[in-house]
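protein-v6.csv follows; it contains CSV, C-alpha atoms.
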chain,number,residue,atom,x,y,z
V,148,MET,CA,18.3,344.3,27.7
V,149,ALA,CA,21.6,342.4,27.7
V,150,LEU,CA,20.3,339.9,25.2
V,151,SER,CA,19.1,342.6,22.8
V,152,LEU,CA,22.5,344.4,23.0
V,153,ASN,CA,24.3,341.1,22.3
V,154,ILE,CA,22.2,340.5,19.2
V,155,LEU,CA,22.7,344.0,18.0
V,156,SER,CA,26.4,343.8,18.5
V,157,LEU,CA,26.5,340.7,16.3
V,158,CYS,CA,24.6,342.3,13.5
V,159,SER,CA,26.3,344.3,10.7
V,160,THR,CA,25.0,346.5,8.0
V,161,SER,CA,25.7,346.1,4.3
V,162,SER,CA,24.7,348.3,1.4
V,163,SER,CA,22.3,346.9,-1.1
V,164,THR,CA,23.6,346.8,-4.6
V,165,SER,CA,20.3,347.6,-6.1
V,166,LYS,CA,19.5,350.4,-3.6
V,167,PRO,CA,22.7,352.1,-2.6
V,168,HIS,CA,21.0,354.3,-0.1
V,169,ILE,CA,19.5,351.5,1.9
V,170,ARG,CA,21.6,349.4,4.3
V,171,THR,CA,20.4,345.9,5.2
V,172,PRO,CA,21.4,344.5,8.6
V,173,THR,CA,22.9,341.1,8.5
V,174,CYS,CA,22.9,339.1,11.8
V,175,HIS,CA,25.3,336.2,12.5
V,176,LEU,CA,23.4,334.1,15.0
V,177,ALA,CA,25.7,331.1,15.1
V,178,PRO,CA,28.4,332.9,17.1
V,179,PHE,CA,25.7,334.2,19.5
V,180,THR,CA,24.4,330.7,20.0
V,181,LEU,CA,27.8,329.5,20.9
V,182,SER,CA,28.3,332.4,23.2
V,183,PHE,CA,25.0,331.8,24.9
V,184,LYS,CA,25.9,328.2,25.5
V,185,GLN,CA,29.2,329.2,27.0
V,186,GLN,CA,27.4,331.7,29.2
V,187,GLN,CA,24.9,329.1,30.2
V,188,SER,CA,27.7,326.6,31.1
V,189,SER,CA,29.5,329.3,33.1
V,190,SER,CA,26.2,330.2,34.9
V,191,GLN,CA,25.6,326.6,35.8
V,192,LYS,CA,29.1,326.3,37.1
V,193,LEU,CA,28.7,329.5,39.1
V,194,THR,CA,25.3,328.3,40.5
V,195,PHE,CA,26.8,324.9,41.5
V,196,SER,CA,29.8,326.7,43.1
V,197,LEU,CA,27.4,329.0,45.0
V,198,ALA,CA,25.3,326.0,46.1
V,199,GLU,CA,28.4,324.3,47.4
V,200,SER,CA,29.4,327.4,49.3
V,201,VAL,CA,25.9,327.9,50.8
V,202,SER,CA,25.6,324.2,51.7
V,203,GLY,CA,29.0,324.4,53.4
V,204,ALA,CA,28.1,327.6,55.3
V,205,THR,CA,24.8,326.1,56.3
V,206,LEU,CA,26.4,322.9,57.6
V,207,ALA,CA,29.0,325.0,59.5
V,208,ALA,CA,26.2,327.1,61.0
V,209,LEU,CA,24.3,324.0,62.1
V,210,ILE,CA,27.4,322.5,63.8
V,211,SER,CA,28.1,325.8,65.5
V,212,ALA,CA,24.5,326.1,66.7
V,213,SER,CA,24.5,322.5,68.0
V,214,LEU,CA,27.4,323.4,70.3
V,215,PHE,CA,25.2,326.0,72.0
V,216,PHE,CA,21.9,324.2,72.2
V,217,VAL,CA,23.0,321.7,74.8
V,218,ASP,CA,20.9,320.1,77.4
V,219,PRO,CA,20.9,322.9,80.1
V,220,ALA,CA,21.5,320.3,82.8
V,221,LEU,CA,24.8,319.4,81.4
V,222,ALA,CA,26.0,323.0,82.0
V,223,PHE,CA,25.7,322.3,85.8
V,224,LYS,CA,27.6,319.1,86.2
V,225,GLY,CA,28.7,318.4,89.8
V,226,GLY,CA,32.5,318.7,90.1
V,227,GLY,CA,34.8,316.2,91.7
V,228,PRO,CA,35.4,312.5,91.0
V,229,TYR,CA,31.7,311.4,91.0
V,230,GLY,CA,31.9,310.8,87.3
V,231,GLN,CA,29.7,312.9,85.0
V,232,GLU,CA,26.4,312.5,86.9
V,233,VAL,CA,24.8,315.8,87.6
V,234,THR,CA,24.6,316.6,91.3
V,235,ARG,CA,23.9,320.3,91.2
V,236,GLY,CA,20.4,321.6,91.4
V,237,GLN,CA,19.0,318.1,91.3
V,238,ASP,CA,16.5,316.1,93.4
V,239,LEU,CA,18.7,313.4,94.9
V,240,SER,CA,16.5,312.5,97.8
V,241,GLY,CA,17.4,309.1,99.3
V,242,LYS,CA,20.5,308.7,97.1
V,243,ASP,CA,23.2,306.5,98.5
V,244,PHE,CA,26.6,308.2,98.5
V,245,SER,CA,27.9,306.3,101.5
V,246,GLY,CA,31.6,305.7,101.6
V,247,LYS,CA,32.2,307.5,98.4
V,248,THR,CA,35.1,310.0,97.7
V,249,LEU,CA,33.3,313.2,96.8
V,250,ILE,CA,36.0,315.8,97.3
V,251,LYS,CA,34.8,319.3,96.2
V,252,GLN,CA,31.6,317.8,94.8
V,253,ASP,CA,29.0,320.4,93.8
V,254,PHE,CA,25.6,319.8,95.4
V,255,LYS,CA,24.5,323.5,95.3
V,256,THR,CA,20.7,323.9,95.6
V,257,SER,CA,20.1,320.2,95.4
V,258,ILE,CA,17.4,318.4,97.3
V,259,LEU,CA,19.2,315.7,99.4
V,260,ARG,CA,16.5,314.6,101.9
V,261,GLN,CA,17.3,311.3,103.5
V,262,ALA,CA,20.4,311.0,101.3
V,263,ASN,CA,23.1,308.7,102.7
V,264,PHE,CA,26.6,310.2,103.0
V,265,LYS,CA,27.7,308.0,105.9
V,266,GLY,CA,31.5,307.8,105.9
V,267,ALA,CA,31.8,309.8,102.7
V,268,LYS,CA,34.8,312.0,102.0
V,269,LEU,CA,33.3,315.4,101.3
V,270,LEU,CA,36.3,317.7,101.8
V,271,GLY,CA,35.4,321.1,100.2
V,272,ALA,CA,32.1,319.9,98.9
V,273,SER,CA,29.4,322.5,98.4
V,274,PHE,CA,25.9,322.1,99.9
V,275,PHE,CA,25.1,325.8,99.3
V,276,ASP,CA,21.4,326.3,99.7
V,277,ALA,CA,20.8,322.6,99.6
V,278,ASP,CA,18.1,320.7,101.5
V,279,LEU,CA,19.7,318.0,103.7
V,280,THR,CA,16.7,317.4,105.8
V,281,GLY,CA,17.1,313.9,107.5
V,282,ALA,CA,20.3,313.2,105.6
V,283,ASP,CA,22.8,310.8,107.1
V,284,LEU,CA,26.2,312.5,107.4
V,285,SER,CA,27.5,310.4,110.2
V,286,ASP,CA,31.3,309.7,110.2
V,287,ALA,CA,31.6,311.9,107.1
V,288,ASP,CA,34.7,314.0,106.4
V,289,LEU,CA,33.1,317.4,105.9
V,290,ARG,CA,36.2,319.6,106.4
V,291,SER,CA,35.9,323.0,104.6
V,292,ALA,CA,32.5,322.0,103.2
V,293,ASP,CA,30.1,324.8,102.4
V,294,PHE,CA,26.7,324.6,104.2
V,295,SER,CA,25.8,328.3,103.6
V,296,LEU,CA,22.0,328.7,103.6
V,297,ALA,CA,21.6,325.0,103.7
V,298,ASN,CA,18.8,323.2,105.6
V,299,VAL,CA,20.5,320.6,107.7
V,300,THR,CA,17.6,319.9,110.1
V,301,LYS,CA,17.0,316.5,111.6
V,302,ALA,CA,20.3,315.3,109.9
V,303,ASN,CA,22.6,312.7,111.5
V,304,LEU,CA,26.0,314.4,112.0
V,305,SER,CA,27.3,312.0,114.7
V,306,ASN,CA,31.1,311.7,114.6
V,307,ALA,CA,31.3,313.9,111.5
V,308,ASN,CA,34.3,316.1,111.1
V,309,LEU,CA,33.2,319.6,110.1
V,310,GLU,CA,36.5,321.5,110.8
V,311,GLY,CA,36.6,324.8,108.9
V,312,ALA,CA,33.2,324.2,107.3
V,313,LEU,CA,31.1,327.3,106.3
V,314,ALA,CA,27.6,327.7,107.9
V,315,THR,CA,26.8,331.3,107.2
V,316,GLY,CA,23.4,332.8,106.5
V,317,ASN,CA,20.3,330.9,107.6
V,318,THR,CA,21.9,327.5,107.9
V,319,SER,CA,19.9,325.4,110.3
V,320,PHE,CA,21.0,322.3,112.3
V,321,LYS,CA,17.8,322.2,114.3
V,322,GLY,CA,16.8,318.7,115.4
V,323,SER,CA,20.1,317.2,114.2
V,324,ASN,CA,22.2,314.5,116.0
V,325,ILE,CA,25.6,316.1,116.6
V,326,THR,CA,27.0,313.6,119.1
V,327,GLY,CA,30.8,313.4,118.5
V,328,ALA,CA,30.7,316.0,115.7
V,329,ASP,CA,33.7,318.3,115.4
V,330,PHE,CA,32.7,322.0,114.7
V,331,THR,CA,36.2,323.5,115.1
V,332,ASP,CA,36.4,326.9,113.3
V,333,VAL,CA,32.9,326.7,112.0
V,334,PRO,CA,31.3,330.2,112.0
V,335,LEU,CA,27.9,329.9,113.5
V,336,ARG,CA,25.3,332.5,114.4
V,337,ASP,CA,25.0,333.0,118.2
V,338,ASP,CA,21.5,331.6,118.3
V,339,GLN,CA,22.6,328.5,116.4
V,340,ARG,CA,25.6,328.0,118.6
V,341,GLU,CA,23.5,328.4,121.7
V,342,TYR,CA,21.0,325.8,120.4
V,343,LEU,CA,23.7,323.3,119.5
V,344,CYS,CA,25.5,323.6,122.8
V,345,LYS,CA,22.3,322.5,124.5
V,346,VAL,CA,22.4,319.1,122.7
V,347,ALA,CA,26.2,318.8,122.2
V,348,ASP,CA,27.8,315.6,123.6
V,349,GLY,CA,30.5,313.1,122.8
V,350,VAL,CA,34.1,313.1,121.4
V,351,ASN,CA,35.0,312.9,117.7
V,352,PRO,CA,36.8,309.6,117.2
V,353,THR,CA,39.0,311.1,114.4
V,354,THR,CA,40.2,314.3,116.0
V,355,GLY,CA,39.8,313.4,119.6
V,356,ASN,CA,38.0,316.8,120.2
V,357,ALA,CA,34.9,317.0,122.4
V,358,THR,CA,31.9,318.4,120.6
V,359,ARG,CA,31.1,321.0,123.2
V,360,ASP,CA,34.7,322.3,123.1
V,361,THR,CA,34.7,322.7,119.4
V,362,LEU,CA,31.4,324.7,119.7
V,363,LEU,CA,33.0,326.9,122.4
V,364,CYS,CA,30.2,326.1,124.7
V,365,ASN,CA,30.4,327.7,128.2

Could you write out this file's structure as structure tokens?
Amino acid sequence: MALSLNILSLCSTSSSTSKPHIRTPTCHLAPFTLSFKQQQSSSQKLTFSLAESVSGATLAALISASLFFVDPALAFKGGGPYGQEVTRGQDLSGKDFSGKTLIKQDFKTSILRQANFKGAKLLGASFFDADLTGADLSDADLRSADFSLANVTKANLSNANLEGALATGNTSFKGSNITGADFTDVPLRDDQREYLCKVADGVNPTTGNATRDTLLCN
């Protein structure tokens, strides 16, 4: 439709000398050809410009998307100075953390069976809902650590300092060695305290407190 209108607009009528009542249309195609080329050039430029815009938008979208589609494990990095290694929600059975500084490290929901934390500094570390069955926590600094819902059965807690640690919910220390452990200000269920008092013995070498006294045993 546009092409037809353009052609018509370029055509003019002229009277025939031999037949005055008949007007013959005369079309000037050269100007139209030039105009078409100009339109084609403009169209190519517009197309190229649009392509550049779309390409730029697509690249930006891909970059933005890549920021969201990250390895899910990286979203759960353990906190603290243990580098960038993931320690939350991981199977770290038998892992050697002995003597390391792991202040406020995040071990939530991790499997830490037979893991070695001997002498490690774990102030404020979280073992929420973690499995510490058979783990070695002897001589560890566990002040204010969170053991809520954790399984700490058959673990070695000898001479560990648990002052102010949390042990709420179904936390279990059944079968663990607590000789010389300090449980000062650790909230324990009555049945758990009663059980620990039956096996409590020794004095913590760091605080000088007797284990039975810290458990408020009768």

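What separates atom CA of V:Asn365 from atom CA of V:Lys265 is a distance of 29.9 Å.
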
For this session: Using all atoms listed in the file, find the one residue out of V:Gly322, V:Gly246, V:Gly281, V:Gly236 that sits nearest to V:Gln339.
Result: V:Gly322

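Reported to one decimal place, the separation of atom CA of V:Phe274 from atom CA of V:Ile258 is 9.6 Å.
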
Exercise. Nearest to V:Leu335 among V:Thr361, V:Leu284, V:Gly241, V:Thr354, with distances taken over only C-alpha atoms: which residue is it?
Worked result: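 When distances to V:Leu335 are compared using only C-alpha atoms, the smallest one comes from V:Thr361.
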
For this session: Give the answer as one residue: which of V:Leu313, V:Ala272, V:Thr326, V:Pro334 has the shortest atom-to-atom distance to V:Asp286, using only C-alpha atoms?
Result: V:Thr326

For this session: Kindly indicate which residue among V:Arg336, V:Gly327, V:Thr234, V:Gly266 lies nearest to V:Arg359, using only C-alpha atoms for the distances.
Result: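 For V:Arg359, the nearest of the given residues is V:Gly327.
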
Exercise. For the atom pair atom CA of V:Lys255 and atom CA of V:Ser319, what is the interatomic distance in Å to one decimal place?
Worked result: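 Computed distance, atom CA of V:Lys255 to atom CA of V:Ser319, equals 15.8 Å.
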
Problem set entry | Among listed residues V:Asn356, V:Ser273, V:Asn306, V:Ser240, nearest V:Asp253 (using only C-alpha atoms) | V:Ser273

Seminar exercise, completed: Across V:Leu279, V:Ala262, V:Ala347, V:Ile325, the smallest distance to V:Ser295, with only C-alpha atoms counted, is shown by V:Leu279

For this session: Fewer than 2 positions away in the same chain doesn't count, so skip those; otherwise give me all residues within 8 Å of V:Lys301, counting all atoms listed in the file, as a VMD selection string.
Result: chain V and resid 280 to 282 299 303 320 to 324
